[in-house]
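Colleague: Attaching a single structure in structure tokens format; questions to follow.
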Amino acid sequence: MSANPASTAPEAEQPTGSGSGSRPRISRFPFWAQIVVGLALGVLLGWIARSQDVSWLVTTLDQIGSIFVQLLKLAVAPLVFFAILVSITNLRKVNNAARLATRTLLWFMITSLIAVAIGLAIGLITNPGSGTGLTPKDGELSETKGSWIDFLTGIIPTDVITPFTELNVLQIVFMAAVAGIAALKLGDKAQPILTLSQSILELLQKALWWVIRLAPLGTVGLIGYAIADYGWDLIGKYATFTADVYIGCLLVMFGVYPLLLATVAKVSPLQFFKGAWPAIQLAFVSRSSVGTMPVTQRVTERLGVPKEYASFAVPFGATTKMDGCAAIYPALAAIFIAQIFDVQLGIGDYLLIAFVSVIGSAATAGLTGATVMLTLTLSTLGLPLEGVGLLLAIDPILDMIRTATNVAGQALVPVIVSAREKILDHDAYNSASPSPIDSFGDDDRDEIRDAEPKTAVPATA
């Protein structure tokens, strides 16, 4: 149903993809263009605020960006819980569900291992901590710490309320997984709960869509405040490290992923990026895999991945699949911090970094920033946690490309698994277009829902 009742009838008369209807201005000014304008305006206002010392503008930019991020975080806890619960129960509609889940996890680990290897290679070649002028005194002890004991014991909550109030996503995922498996075991007795959960999930996604529409405005605040508060001089000290993170993420996104699509999935890499682009660009701005999850799931479905499987793989990936935040970044950050603190790393240390990146990525949990994952890596290597403070200043700049890489990987793996299991709709994949985010509204969801009875998931080979 259209959000504008007065325009329902005229919209119904318009052909699919028509530029006319109730939202002509949005069609003429697509979402990606709004994001670009937001980026440019944010840089300009941030430069003015810093160069002219306009304190009220700095405060305004900070508040705009903070409100946008807070709105995203507001939906995180319930969205993760109900998305994981519903996604697990949806697996009963898919043939060979256990096989699909296992293959999904396996490809998550494979791509993470490749990503961390690229991060380590770039760090060893460029020595990002050399010549920065930074010293251990420039760091400060991180308030957020992570260790293997904290990670393992922190999975199980002490009560059912605290994980939601303190936004402990890992514990929320654990409770949702237990509830989903229990619902599967109960069968028809759990149907009322599943129906309610599905309705709540759709309600949350609807509310999150409204927040997503504010992304161009949030971009102005986030980018503007980053420029106004940090300044180009500070960023210059981290030039090599920043370039390393961006180069590493771009190599994974536009090097490794296309190679896997062409050789493993045997589909067009260009077509993948055309279809997935709305999610990737939103991830770059929002810096939240969970906040981007509804868009990621929509583009994954439009790329031909069966809806039942996508509804499991994407939420699962949004909380555990972090090639940017949990693979490339901690590998480079560990090398950077070790060089600042004059600590020599050996082969064993590099293997530990790879192990932590592949196994511990769930600690990142799809939120903005990768502090928990970084502290987990540093504590495993025995490096000073004060090193985290060295990187907090430029974290927002790095988090944009990290999250974009995360989300690209979260859409990639379901496509690969579907192609390998011969359940990918190649016609849908080849026809996916880089249509603006606006097309993922009510009408698009209704079309997908109406098409569901006609789409069957074939048995795997």
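Note on naming: chains are A, B, ... as they come in the structure tokens, residues start from 1 per chain, ligands start from 1 in the order shown.
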Check which residues of stretch 295-406 of chain A sit at most 12 Å from stretch 177-183 of chain A using only C-alpha atoms, and return one row each with the closest pair of atoms and their distance in Å to one decimal, ordered by chain and rising number, as CSV.

Modeller:
residue,atom,partner,partner_atom,distance
A:Phe312,CA,A:Ala177,CA,11.2
A:Pro315,CA,A:Ala177,CA,11.5
A:Phe316,CA,A:Ala177,CA,10.0

Colleague: For the residues in that selection, give me N, CA and C atoms as a PDB file, in the first residue's frame.

Modeller:
ATOM      1  N   PHE A 312      17.705 -15.466   5.852  1.00  0.00           N
ATOM      2  CA  PHE A 312      18.613 -16.043   6.849  1.00  0.00           C
ATOM      3  C   PHE A 312      20.031 -15.509   6.681  1.00  0.00           C
ATOM      4  N   PRO A 315      20.711 -11.312   7.534  1.00  0.00           N
ATOM      5  CA  PRO A 315      20.799 -10.954   8.963  1.00  0.00           C
ATOM      6  C   PRO A 315      21.960 -11.648   9.669  1.00  0.00           C
ATOM      7  N   PHE A 316      22.218 -12.901   9.305  1.00  0.00           N
ATOM      8  CA  PHE A 316      23.350 -13.619   9.885  1.00  0.00           C
ATOM      9  C   PHE A 316      24.653 -12.913   9.521  1.00  0.00           C
TER      10      PHE A 316
END

Colleague: Residues near A:Met109, anyone? I mean within 12 Å using only C-alpha atoms, not counting same-chain ones fewer than 2 positions away, as a PyMOL selection string.

Modeller: chain A and resi 102-107+111-116+317+320-323+326-327+354-362+409-410+413

Colleague: May I have the residues within 10 Å of A:Gly382 as a PyMOL selection string, using only C-alpha atoms and disregarding those fewer than 6 positions away in the same chain?

Modeller: chain A and resi 338+343+349+376

Colleague: Can you spit out the residues from that selection as a PDB file, in the first residue's frame, using N, CA and C atoms?

Modeller:
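Okay, this is what ended up in out.pdb:
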ATOM      1  N   ALA A 338      51.872  -1.813  16.637  1.00  0.00           N
ATOM      2  CA  ALA A 338      53.125  -2.481  16.993  1.00  0.00           C
ATOM      3  C   ALA A 338      54.322  -1.611  16.604  1.00  0.00           C
ATOM      4  N   VAL A 343      57.142  -2.735  18.904  1.00  0.00           N
ATOM      5  CA  VAL A 343      57.001  -4.156  19.224  1.00  0.00           C
ATOM      6  C   VAL A 343      57.176  -4.953  17.939  1.00  0.00           C
ATOM      7  N   ASP A 349      52.515 -14.299  15.356  1.00  0.00           N
ATOM      8  CA  ASP A 349      51.597 -13.186  15.628  1.00  0.00           C
ATOM      9  C   ASP A 349      50.668 -12.947  14.441  1.00  0.00           C
ATOM     10  N   LEU A 376      40.174  -6.903  20.988  1.00  0.00           N
ATOM     11  CA  LEU A 376      40.308  -8.359  21.038  1.00  0.00           C
ATOM     12  C   LEU A 376      41.598  -8.799  20.361  1.00  0.00           C
TER      13      LEU A 376
END

Colleague: Could you check the closest approach to A:Gly129 for each of A:Lys185, A:Arg213, A:Arg302, A:Lys237 and tell me which residue wins, using only C-alpha atoms?

Modeller: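 Among the listed residues, A:Lys237 lies closest to A:Gly129.
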
Colleague: Give me the residues near A:Thr60 as a PDB file with all heavy atoms, in the first residue's frame, where near means some atom within 12 Å (using only C-alpha atoms) and where sequence neighbours in that chain fewer than 3 positions away do not count.

Modeller:
ATOM      1  N   GLY A  42      28.720  18.498   3.381  1.00  0.00           N
ATOM      2  CA  GLY A  42      29.347  18.240   4.668  1.00  0.00           C
ATOM      3  C   GLY A  42      30.797  18.682   4.697  1.00  0.00           C
ATOM      4  O   GLY A  42      31.255  19.290   5.674  1.00  0.00           O
ATOM      5  N   LEU A  45      30.806  22.607   4.714  1.00  0.00           N
ATOM      6  CA  LEU A  45      30.425  23.181   6.010  1.00  0.00           C
ATOM      7  C   LEU A  45      31.463  22.853   7.077  1.00  0.00           C
ATOM      8  O   LEU A  45      31.750  23.688   7.947  1.00  0.00           O
ATOM      9  CB  LEU A  45      29.055  22.637   6.431  1.00  0.00           C
ATOM     10  CG  LEU A  45      27.862  23.093   5.582  1.00  0.00           C
ATOM     11  CD1 LEU A  45      26.577  22.438   6.062  1.00  0.00           C
ATOM     12  CD2 LEU A  45      27.727  24.620   5.629  1.00  0.00           C
ATOM     13  N   GLY A  46      32.038  21.653   7.018  1.00  0.00           N
ATOM     14  CA  GLY A  46      33.081  21.298   7.978  1.00  0.00           C
ATOM     15  C   GLY A  46      34.306  22.175   7.823  1.00  0.00           C
ATOM     16  O   GLY A  46      34.902  22.610   8.818  1.00  0.00           O
ATOM     17  N   ALA A  49      33.431  25.630   9.159  1.00  0.00           N
ATOM     18  CA  ALA A  49      33.362  25.623  10.623  1.00  0.00           C
ATOM     19  C   ALA A  49      34.745  25.612  11.252  1.00  0.00           C
ATOM     20  O   ALA A  49      34.980  26.275  12.273  1.00  0.00           O
ATOM     21  CB  ALA A  49      32.560  24.412  11.091  1.00  0.00           C
ATOM     22  N   VAL A  54      33.728  28.547  13.629  1.00  0.00           N
ATOM     23  CA  VAL A  54      32.307  28.769  13.879  1.00  0.00           C
ATOM     24  C   VAL A  54      31.818  27.660  14.811  1.00  0.00           C
ATOM     25  O   VAL A  54      31.454  26.568  14.365  1.00  0.00           O
ATOM     26  CB  VAL A  54      31.502  28.755  12.561  1.00  0.00           C
ATOM     27  CG1 VAL A  54      30.047  29.127  12.821  1.00  0.00           C
ATOM     28  CG2 VAL A  54      32.120  29.715  11.547  1.00  0.00           C
ATOM     29  N   SER A  55      31.817  27.941  16.089  1.00  0.00           N
ATOM     30  CA  SER A  55      31.534  26.914  17.087  1.00  0.00           C
ATOM     31  C   SER A  55      30.103  26.387  16.977  1.00  0.00           C
ATOM     32  O   SER A  55      29.858  25.182  17.144  1.00  0.00           O
ATOM     33  CB  SER A  55      31.790  27.448  18.493  1.00  0.00           C
ATOM     34  OG  SER A  55      30.984  28.585  18.750  1.00  0.00           O
ATOM     35  N   TRP A  56      29.151  27.283  16.707  1.00  0.00           N
ATOM     36  CA  TRP A  56      27.763  26.827  16.637  1.00  0.00           C
ATOM     37  C   TRP A  56      27.541  25.873  15.458  1.00  0.00           C
ATOM     38  O   TRP A  56      26.731  24.953  15.538  1.00  0.00           O
ATOM     39  CB  TRP A  56      26.795  28.011  16.537  1.00  0.00           C
ATOM     40  CG  TRP A  56      26.903  28.795  15.246  1.00  0.00           C
ATOM     41  CD1 TRP A  56      27.643  29.916  15.021  1.00  0.00           C
ATOM     42  CD2 TRP A  56      26.238  28.485  14.003  1.00  0.00           C
ATOM     43  NE1 TRP A  56      27.501  30.340  13.720  1.00  0.00           N
ATOM     44  CE2 TRP A  56      26.631  29.486  13.073  1.00  0.00           C
ATOM     45  CE3 TRP A  56      25.362  27.490  13.592  1.00  0.00           C
ATOM     46  CZ2 TRP A  56      26.179  29.491  11.754  1.00  0.00           C
ATOM     47  CZ3 TRP A  56      24.908  27.496  12.286  1.00  0.00           C
ATOM     48  CH2 TRP A  56      25.308  28.493  11.382  1.00  0.00           C
ATOM     49  N   LEU A  57      28.289  26.086  14.384  1.00  0.00           N
ATOM     50  CA  LEU A  57      28.167  25.204  13.222  1.00  0.00           C
ATOM     51  C   LEU A  57      28.750  23.829  13.533  1.00  0.00           C
ATOM     52  O   LEU A  57      28.195  22.806  13.121  1.00  0.00           O
ATOM     53  CB  LEU A  57      28.870  25.824  12.015  1.00  0.00           C
ATOM     54  CG  LEU A  57      28.773  25.049  10.688  1.00  0.00           C
ATOM     55  CD1 LEU A  57      27.323  24.778  10.321  1.00  0.00           C
ATOM     56  CD2 LEU A  57      29.475  25.805   9.567  1.00  0.00           C
ATOM     57  N   GLN A  63      25.413  17.433  16.222  1.00  0.00           N
ATOM     58  CA  GLN A  63      24.086  17.002  16.652  1.00  0.00           C
ATOM     59  C   GLN A  63      23.330  16.303  15.527  1.00  0.00           C
ATOM     60  O   GLN A  63      22.664  15.289  15.747  1.00  0.00           O
ATOM     61  CB  GLN A  63      23.287  18.206  17.165  1.00  0.00           C
ATOM     62  CG  GLN A  63      23.809  18.754  18.489  1.00  0.00           C
ATOM     63  CD  GLN A  63      23.048  19.983  18.946  1.00  0.00           C
ATOM     64  OE1 GLN A  63      22.353  20.628  18.160  1.00  0.00           O
ATOM     65  NE2 GLN A  63      23.179  20.315  20.222  1.00  0.00           N
ATOM     66  N   ILE A  64      23.456  16.830  14.310  1.00  0.00           N
ATOM     67  CA  ILE A  64      22.766  16.208  13.169  1.00  0.00           C
ATOM     68  C   ILE A  64      23.287  14.788  12.942  1.00  0.00           C
ATOM     69  O   ILE A  64      22.515  13.839  12.792  1.00  0.00           O
ATOM     70  CB  ILE A  64      22.948  17.054  11.891  1.00  0.00           C
ATOM     71  CG1 ILE A  64      22.189  18.379  12.018  1.00  0.00           C
ATOM     72  CG2 ILE A  64      22.462  16.286  10.652  1.00  0.00           C
ATOM     73  CD1 ILE A  64      22.447  19.331  10.874  1.00  0.00           C
ATOM     74  N   GLY A  65      24.611  14.648  12.915  1.00  0.00           N
ATOM     75  CA  GLY A  65      25.200  13.330  12.719  1.00  0.00           C
ATOM     76  C   GLY A  65      24.880  12.379  13.851  1.00  0.00           C
ATOM     77  O   GLY A  65      24.568  11.206  13.633  1.00  0.00           O
ATOM     78  N   SER A  66      24.936  12.883  15.093  1.00  0.00           N
ATOM     79  CA  SER A  66      24.674  12.037  16.264  1.00  0.00           C
ATOM     80  C   SER A  66      23.232  11.553  16.295  1.00  0.00           C
ATOM     81  O   SER A  66      22.960  10.393  16.642  1.00  0.00           O
ATOM     82  CB  SER A  66      24.994  12.800  17.551  1.00  0.00           C
ATOM     83  OG  SER A  66      26.357  13.158  17.613  1.00  0.00           O
ATOM     84  N   ILE A  67      22.294  12.434  15.940  1.00  0.00           N
ATOM     85  CA  ILE A  67      20.885  12.047  15.932  1.00  0.00           C
ATOM     86  C   ILE A  67      20.635  10.962  14.887  1.00  0.00           C
ATOM     87  O   ILE A  67      19.898  10.003  15.137  1.00  0.00           O
ATOM     88  CB  ILE A  67      19.990  13.280  15.667  1.00  0.00           C
ATOM     89  CG1 ILE A  67      20.005  14.214  16.889  1.00  0.00           C
ATOM     90  CG2 ILE A  67      18.555  12.855  15.346  1.00  0.00           C
ATOM     91  CD1 ILE A  67      19.304  15.529  16.665  1.00  0.00           C
ATOM     92  N   LEU A 217      20.923  13.796   4.884  1.00  0.00           N
ATOM     93  CA  LEU A 217      21.077  14.805   5.934  1.00  0.00           C
ATOM     94  C   LEU A 217      22.079  14.339   6.975  1.00  0.00           C
ATOM     95  O   LEU A 217      22.913  15.123   7.451  1.00  0.00           O
ATOM     96  CB  LEU A 217      19.718  15.081   6.583  1.00  0.00           C
ATOM     97  CG  LEU A 217      19.676  16.183   7.646  1.00  0.00           C
ATOM     98  CD1 LEU A 217      20.096  17.522   7.038  1.00  0.00           C
ATOM     99  CD2 LEU A 217      18.278  16.296   8.243  1.00  0.00           C
ATOM    100  N   GLY A 218      22.006  13.047   7.340  1.00  0.00           N
ATOM    101  CA  GLY A 218      22.977  12.514   8.292  1.00  0.00           C
ATOM    102  C   GLY A 218      24.394  12.594   7.756  1.00  0.00           C
ATOM    103  O   GLY A 218      25.344  12.806   8.512  1.00  0.00           O
ATOM    104  N   VAL A 220      25.648  14.940   5.857  1.00  0.00           N
ATOM    105  CA  VAL A 220      26.125  16.315   6.057  1.00  0.00           C
ATOM    106  C   VAL A 220      26.713  16.465   7.460  1.00  0.00           C
ATOM    107  O   VAL A 220      27.810  17.002   7.645  1.00  0.00           O
ATOM    108  CB  VAL A 220      24.985  17.332   5.839  1.00  0.00           C
ATOM    109  CG1 VAL A 220      25.457  18.747   6.171  1.00  0.00           C
ATOM    110  CG2 VAL A 220      24.472  17.263   4.410  1.00  0.00           C
ATOM    111  N   GLY A 221      25.965  15.974   8.461  1.00  0.00           N
ATOM    112  CA  GLY A 221      26.430  16.109   9.836  1.00  0.00           C
ATOM    113  C   GLY A 221      27.660  15.275  10.140  1.00  0.00           C
ATOM    114  O   GLY A 221      28.618  15.769  10.750  1.00  0.00           O
ATOM    115  N   LEU A 222      27.673  14.010   9.705  1.00  0.00           N
ATOM    116  CA  LEU A 222      28.787  13.121  10.027  1.00  0.00           C
ATOM    117  C   LEU A 222      30.084  13.556   9.360  1.00  0.00           C
ATOM    118  O   LEU A 222      31.139  13.645  10.012  1.00  0.00           O
ATOM    119  CB  LEU A 222      28.437  11.693   9.610  1.00  0.00           C
ATOM    120  CG  LEU A 222      27.325  11.008  10.415  1.00  0.00           C
ATOM    121  CD1 LEU A 222      26.902   9.709   9.743  1.00  0.00           C
ATOM    122  CD2 LEU A 222      27.781  10.742  11.832  1.00  0.00           C
ATOM    123  N   GLY A 224      30.686  16.562   7.923  1.00  0.00           N
ATOM    124  CA  GLY A 224      31.010  17.928   8.330  1.00  0.00           C
ATOM    125  C   GLY A 224      31.693  17.981   9.684  1.00  0.00           C
ATOM    126  O   GLY A 224      32.703  18.685   9.856  1.00  0.00           O
ATOM    127  N   TYR A 225      31.171  17.220  10.651  1.00  0.00           N
ATOM    128  CA  TYR A 225      31.777  17.236  11.982  1.00  0.00           C
ATOM    129  C   TYR A 225      33.156  16.596  11.974  1.00  0.00           C
ATOM    130  O   TYR A 225      34.062  17.051  12.680  1.00  0.00           O
ATOM    131  CB  TYR A 225      30.874  16.507  12.975  1.00  0.00           C
ATOM    132  CG  TYR A 225      31.443  16.489  14.376  1.00  0.00           C
ATOM    133  CD1 TYR A 225      31.460  17.651  15.148  1.00  0.00           C
ATOM    134  CD2 TYR A 225      31.979  15.329  14.919  1.00  0.00           C
ATOM    135  CE1 TYR A 225      31.995  17.650  16.432  1.00  0.00           C
ATOM    136  CE2 TYR A 225      32.511  15.312  16.188  1.00  0.00           C
ATOM    137  CZ  TYR A 225      32.519  16.473  16.945  1.00  0.00           C
ATOM    138  OH  TYR A 225      33.059  16.465  18.205  1.00  0.00           O
ATOM    139  N   ALA A 228      35.419  19.261  10.649  1.00  0.00           N
ATOM    140  CA  ALA A 228      35.514  20.389  11.579  1.00  0.00           C
ATOM    141  C   ALA A 228      36.266  20.027  12.848  1.00  0.00           C
ATOM    142  O   ALA A 228      37.031  20.839  13.384  1.00  0.00           O
ATOM    143  CB  ALA A 228      34.113  20.890  11.934  1.00  0.00           C
TER     144      ALA A 228
END

Colleague: Could you state the separation of atom CA of A:Ser130 and atom CA of A:Thr240 in Å, given to one decimal place?

Modeller: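 Distance reported for this atom pair: 9.0 Å.
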
Colleague: Do a neighbour search on A:Ala331 at 9 Å with only C-alpha atoms, toss out local chain neighbours closer than 6 positions, and write the hits as an MDAnalysis selection string.

Modeller: chainID A and resid 116:120 123 350 353:354 357 374 377

Colleague: Quick one: residues within 10 Å of A:Asn90, only C-alpha atoms, excluding same-chain residues fewer than 3 positions away - as a PyMOL selection string?

Modeller: chain A and resi 84-87+93-94+97+180+184+194+307-312

Colleague: Would you mind exporting all heavy atoms of the selected residues as a tab-separated table (two decimals), in the first residue's frame?

Modeller:
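Saved to again_26.tsv:
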chain	number	residue	atom	x	y	z
A	84	ILE	N	17.00	-12.31	13.24
A	84	ILE	CA	17.66	-13.61	13.40
A	84	ILE	C	16.63	-14.70	13.70
A	84	ILE	O	16.67	-15.80	13.12
A	84	ILE	CB	18.71	-13.55	14.53
A	84	ILE	CG1	19.84	-12.58	14.16
A	84	ILE	CG2	19.26	-14.93	14.83
A	84	ILE	CD1	20.68	-13.03	13.00
A	85	LEU	N	15.68	-14.40	14.58
A	85	LEU	CA	14.66	-15.38	14.94
A	85	LEU	C	13.86	-15.80	13.69
A	85	LEU	O	13.69	-17.00	13.40
A	85	LEU	CB	13.72	-14.80	16.00
A	85	LEU	CG	12.72	-15.75	16.68
A	85	LEU	CD1	12.31	-15.18	18.03
A	85	LEU	CD2	11.47	-15.97	15.83
A	86	VAL	N	13.37	-14.81	12.95
A	86	VAL	CA	12.55	-15.10	11.77
A	86	VAL	C	13.39	-15.79	10.70
A	86	VAL	O	12.91	-16.70	10.01
A	86	VAL	CB	11.92	-13.80	11.23
A	86	VAL	CG1	11.25	-14.04	9.88
A	86	VAL	CG2	10.90	-13.25	12.22
A	87	SER	N	14.65	-15.35	10.54
A	87	SER	CA	15.49	-15.94	9.49
A	87	SER	C	15.76	-17.41	9.76
A	87	SER	O	15.80	-18.23	8.83
A	87	SER	CB	16.81	-15.17	9.38
A	87	SER	OG	17.61	-15.34	10.53
A	93	LYS	N	11.58	-23.53	5.20
A	93	LYS	CA	10.96	-23.46	3.87
A	93	LYS	C	11.96	-23.79	2.76
A	93	LYS	O	11.58	-23.85	1.60
A	93	LYS	CB	10.38	-22.07	3.63
A	93	LYS	CG	9.39	-21.61	4.68
A	93	LYS	CD	8.95	-20.17	4.43
A	93	LYS	CE	8.04	-19.64	5.52
A	93	LYS	NZ	7.67	-18.21	5.27
A	94	VAL	N	13.23	-23.95	3.11
A	94	VAL	CA	14.27	-24.15	2.11
A	94	VAL	C	14.77	-25.58	2.17
A	94	VAL	O	15.02	-26.13	3.25
A	94	VAL	CB	15.45	-23.19	2.35
A	94	VAL	CG1	16.50	-23.34	1.26
A	94	VAL	CG2	14.96	-21.75	2.42
A	97	ALA	N	18.41	-27.00	4.28
A	97	ALA	CA	18.70	-25.79	5.05
A	97	ALA	C	20.03	-25.89	5.78
A	97	ALA	O	20.81	-24.94	5.81
A	97	ALA	CB	17.57	-25.52	6.04
A	180	GLY	N	14.81	-19.07	17.97
A	180	GLY	CA	14.49	-19.56	16.63
A	180	GLY	C	14.55	-21.08	16.55
A	180	GLY	O	13.65	-21.71	15.96
A	184	LEU	N	11.47	-23.81	15.92
A	184	LEU	CA	11.50	-24.87	14.91
A	184	LEU	C	11.12	-26.22	15.53
A	184	LEU	O	10.40	-27.02	14.91
A	184	LEU	CB	12.89	-24.96	14.28
A	184	LEU	CG	13.26	-23.88	13.26
A	184	LEU	CD1	14.71	-24.07	12.81
A	184	LEU	CD2	12.33	-23.92	12.06
A	194	LEU	N	5.62	-16.83	15.79
A	194	LEU	CA	6.31	-16.53	14.54
A	194	LEU	C	5.55	-15.47	13.74
A	194	LEU	O	6.15	-14.58	13.13
A	194	LEU	CB	6.46	-17.80	13.70
A	194	LEU	CG	7.32	-18.91	14.33
A	194	LEU	CD1	7.43	-20.10	13.37
A	194	LEU	CD2	8.70	-18.39	14.69
A	307	LYS	N	14.19	-15.74	-1.50
A	307	LYS	CA	13.83	-14.91	-0.37
A	307	LYS	C	14.03	-15.63	0.97
A	307	LYS	O	14.53	-15.04	1.93
A	307	LYS	CB	12.37	-14.47	-0.50
A	307	LYS	CG	11.88	-13.55	0.61
A	307	LYS	CD	10.43	-13.17	0.38
A	307	LYS	CE	9.92	-12.30	1.51
A	307	LYS	NZ	10.57	-10.97	1.54
A	308	GLU	N	13.64	-16.92	1.01
A	308	GLU	CA	13.76	-17.67	2.27
A	308	GLU	C	15.22	-17.79	2.71
A	308	GLU	O	15.52	-17.70	3.90
A	308	GLU	CB	13.13	-19.05	2.12
A	308	GLU	CG	11.63	-19.05	1.93
A	308	GLU	CD	11.23	-18.76	0.49
A	308	GLU	OE1	12.14	-18.70	-0.37
A	308	GLU	OE2	10.03	-18.60	0.22
A	309	TYR	N	16.10	-18.01	1.76
A	309	TYR	CA	17.52	-18.13	2.09
A	309	TYR	C	18.12	-16.77	2.41
A	309	TYR	O	18.90	-16.62	3.35
A	309	TYR	CB	18.28	-18.81	0.95
A	309	TYR	CG	19.78	-18.78	1.10
A	309	TYR	CD1	20.39	-19.18	2.28
A	309	TYR	CD2	20.60	-18.34	0.06
A	309	TYR	CE1	21.77	-19.15	2.43
A	309	TYR	CE2	21.96	-18.31	0.19
A	309	TYR	CZ	22.55	-18.71	1.37
A	309	TYR	OH	23.91	-18.67	1.52
A	310	ALA	N	17.76	-15.75	1.63
A	310	ALA	CA	18.29	-14.40	1.87
A	310	ALA	C	17.89	-13.88	3.24
A	310	ALA	O	18.67	-13.18	3.91
A	310	ALA	CB	17.80	-13.44	0.78
A	311	SER	N	16.68	-14.23	3.69
A	311	SER	CA	16.21	-13.75	4.99
A	311	SER	C	16.98	-14.39	6.13
A	311	SER	O	16.93	-13.91	7.26
A	311	SER	CB	14.72	-14.04	5.15
A	311	SER	OG	14.48	-15.43	5.22
A	312	PHE	N	17.70	-15.47	5.85
A	312	PHE	CA	18.61	-16.04	6.85
A	312	PHE	C	20.03	-15.51	6.68
A	312	PHE	O	20.66	-15.05	7.64
A	312	PHE	CB	18.63	-17.57	6.73
A	312	PHE	CG	19.84	-18.19	7.40
A	312	PHE	CD1	19.90	-18.32	8.77
A	312	PHE	CD2	20.92	-18.63	6.64
A	312	PHE	CE1	21.02	-18.87	9.39
A	312	PHE	CE2	22.04	-19.19	7.24
A	312	PHE	CZ	22.09	-19.31	8.62

Colleague: Record the distance separating atom CA of A:Ala77 and atom CA of A:Thr165, expressed in Å with one decimal.

Modeller: 8.4 Å

Colleague: In Å to one decimal, how far is atom CA of A:Asn406 from atom CA of A:Ile110?

Modeller: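 Between these atoms lies a distance of 13.9 Å.
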
Colleague: Counting only C-alpha atoms, which residue out of A:Pro396, A:Val267, A:Ala121, A:Lys422 sits closest to A:Ser288?

Modeller: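 Of A:Pro396, A:Val267, A:Ala121, A:Lys422, the one nearest A:Ser288, counting only C-alpha atoms, is A:Pro396.
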
Colleague: Using only C-alpha atoms, which of the listed residues (A:Ala243, A:Leu203, A:Ala411, A:Ile227) sits closest to A:Leu44?

Modeller: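 Using only C-alpha atoms, the shortest distance to A:Leu44 belongs to A:Ile227.
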
Colleague: So which residues touch A:Arg420 within 12 Å, counting only C-alpha atoms, skipping near sequence neighbours fewer than 4 positions away, as a CSV table (one decimal) with N, CA and C atoms, in the first residue's frame?

Modeller:
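File produced: result_15.csv:
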chain,number,residue,atom,x,y,z
A,99,ARG,N,22.6,-27.6,5.0
A,99,ARG,CA,23.7,-27.5,4.0
A,99,ARG,C,23.9,-26.1,3.6
A,100,LEU,N,22.9,-25.3,3.4
A,100,LEU,CA,23.0,-23.9,3.0
A,100,LEU,C,23.6,-23.1,4.1
A,103,ARG,N,27.4,-24.0,4.3
A,103,ARG,CA,28.1,-23.4,3.2
A,103,ARG,C,28.2,-21.9,3.4
A,104,THR,N,27.2,-21.2,3.9
A,104,THR,CA,27.2,-19.8,4.1
A,104,THR,C,28.3,-19.5,5.1
A,107,TRP,N,31.8,-19.9,3.6
A,107,TRP,CA,32.3,-18.8,2.7
A,107,TRP,C,32.5,-17.5,3.4
A,260,LEU,N,35.8,-14.0,-7.3
A,260,LEU,CA,35.0,-15.1,-6.8
A,260,LEU,C,33.7,-15.2,-7.6
A,261,LEU,N,33.1,-14.1,-7.9
A,261,LEU,CA,31.9,-14.1,-8.7
A,261,LEU,C,32.1,-14.8,-10.1
A,263,THR,N,34.7,-16.8,-11.1
A,263,THR,CA,35.2,-18.1,-11.1
A,263,THR,C,34.4,-19.1,-10.3
A,264,VAL,N,33.9,-18.7,-9.2
A,264,VAL,CA,33.2,-19.7,-8.3
A,264,VAL,C,31.7,-19.7,-8.6
A,265,ALA,N,31.1,-18.5,-8.6
A,265,ALA,CA,29.6,-18.4,-8.9
A,265,ALA,C,29.3,-18.4,-10.4
A,266,LYS,N,30.3,-18.0,-11.2
A,266,LYS,CA,30.2,-18.0,-12.7
A,266,LYS,C,29.1,-17.1,-13.1
A,267,VAL,N,29.1,-15.9,-12.5
A,267,VAL,CA,28.1,-14.8,-12.9
A,267,VAL,C,28.9,-13.5,-13.1
A,305,VAL,N,18.7,-14.3,-5.3
A,305,VAL,CA,18.8,-15.2,-4.2
A,305,VAL,C,17.4,-15.5,-3.6
A,413,VAL,N,28.2,-13.4,-0.5
A,413,VAL,CA,28.2,-14.8,-0.1
A,413,VAL,C,26.9,-15.5,-0.4
A,414,PRO,N,25.7,-14.9,-0.1
A,414,PRO,CA,24.5,-15.6,-0.5
A,414,PRO,C,24.4,-15.8,-2.0
A,415,VAL,N,24.9,-14.9,-2.8
A,415,VAL,CA,24.9,-15.1,-4.3
A,415,VAL,C,25.8,-16.2,-4.7
A,416,ILE,N,27.0,-16.3,-4.1
A,416,ILE,CA,27.9,-17.4,-4.4
A,416,ILE,C,27.3,-18.8,-4.0
A,424,LEU,N,20.0,-20.1,-7.6
A,424,LEU,CA,20.1,-18.7,-8.0
A,424,LEU,C,19.2,-18.5,-9.2
A,425,ASP,N,18.4,-17.4,-9.1
A,425,ASP,CA,17.5,-17.1,-10.3
A,425,ASP,C,18.4,-16.2,-11.2
A,460,THR,N,18.4,-28.8,-4.1
A,460,THR,CA,19.8,-28.7,-4.5
A,460,THR,C,20.3,-30.0,-5.0
A,461,ALA,N,21.4,-29.9,-5.7
A,461,ALA,CA,21.9,-31.1,-6.3
A,461,ALA,C,22.6,-32.0,-5.3

Colleague: Residues of stretch 97-289 of chain A classed as helix (DSSP H, G or I) by DSSP on the backbone are to be reported as number ranges by chain.

Modeller: A: 97-126, 136-138, 148-153, 162-165, 169-213, 215-237, 239-265, 269-286, 289

Colleague: Of the residues A:Val256, A:Leu303, A:Cys325, A:Met175, which is the one nearest to A:Asp399, using only C-alpha atoms?

Modeller: A:Cys325

Colleague: With only C-alpha atoms as the basis for distance, which of A:Asn168, A:Gln198, A:Thr242, A:Gln339 is at the shortest distance from A:Lys73?

Modeller: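 With only C-alpha atoms as the atom set, the closest residue is A:Asn168.
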
Colleague: Restricting the calculation to only C-alpha atoms: of A:Gln191, A:Thr296, A:Asn430, A:Thr403, which residue gets closest to A:Phe272?

Modeller: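 Residue with the minimum atom-to-atom distance to A:Phe272: A:Asn430.
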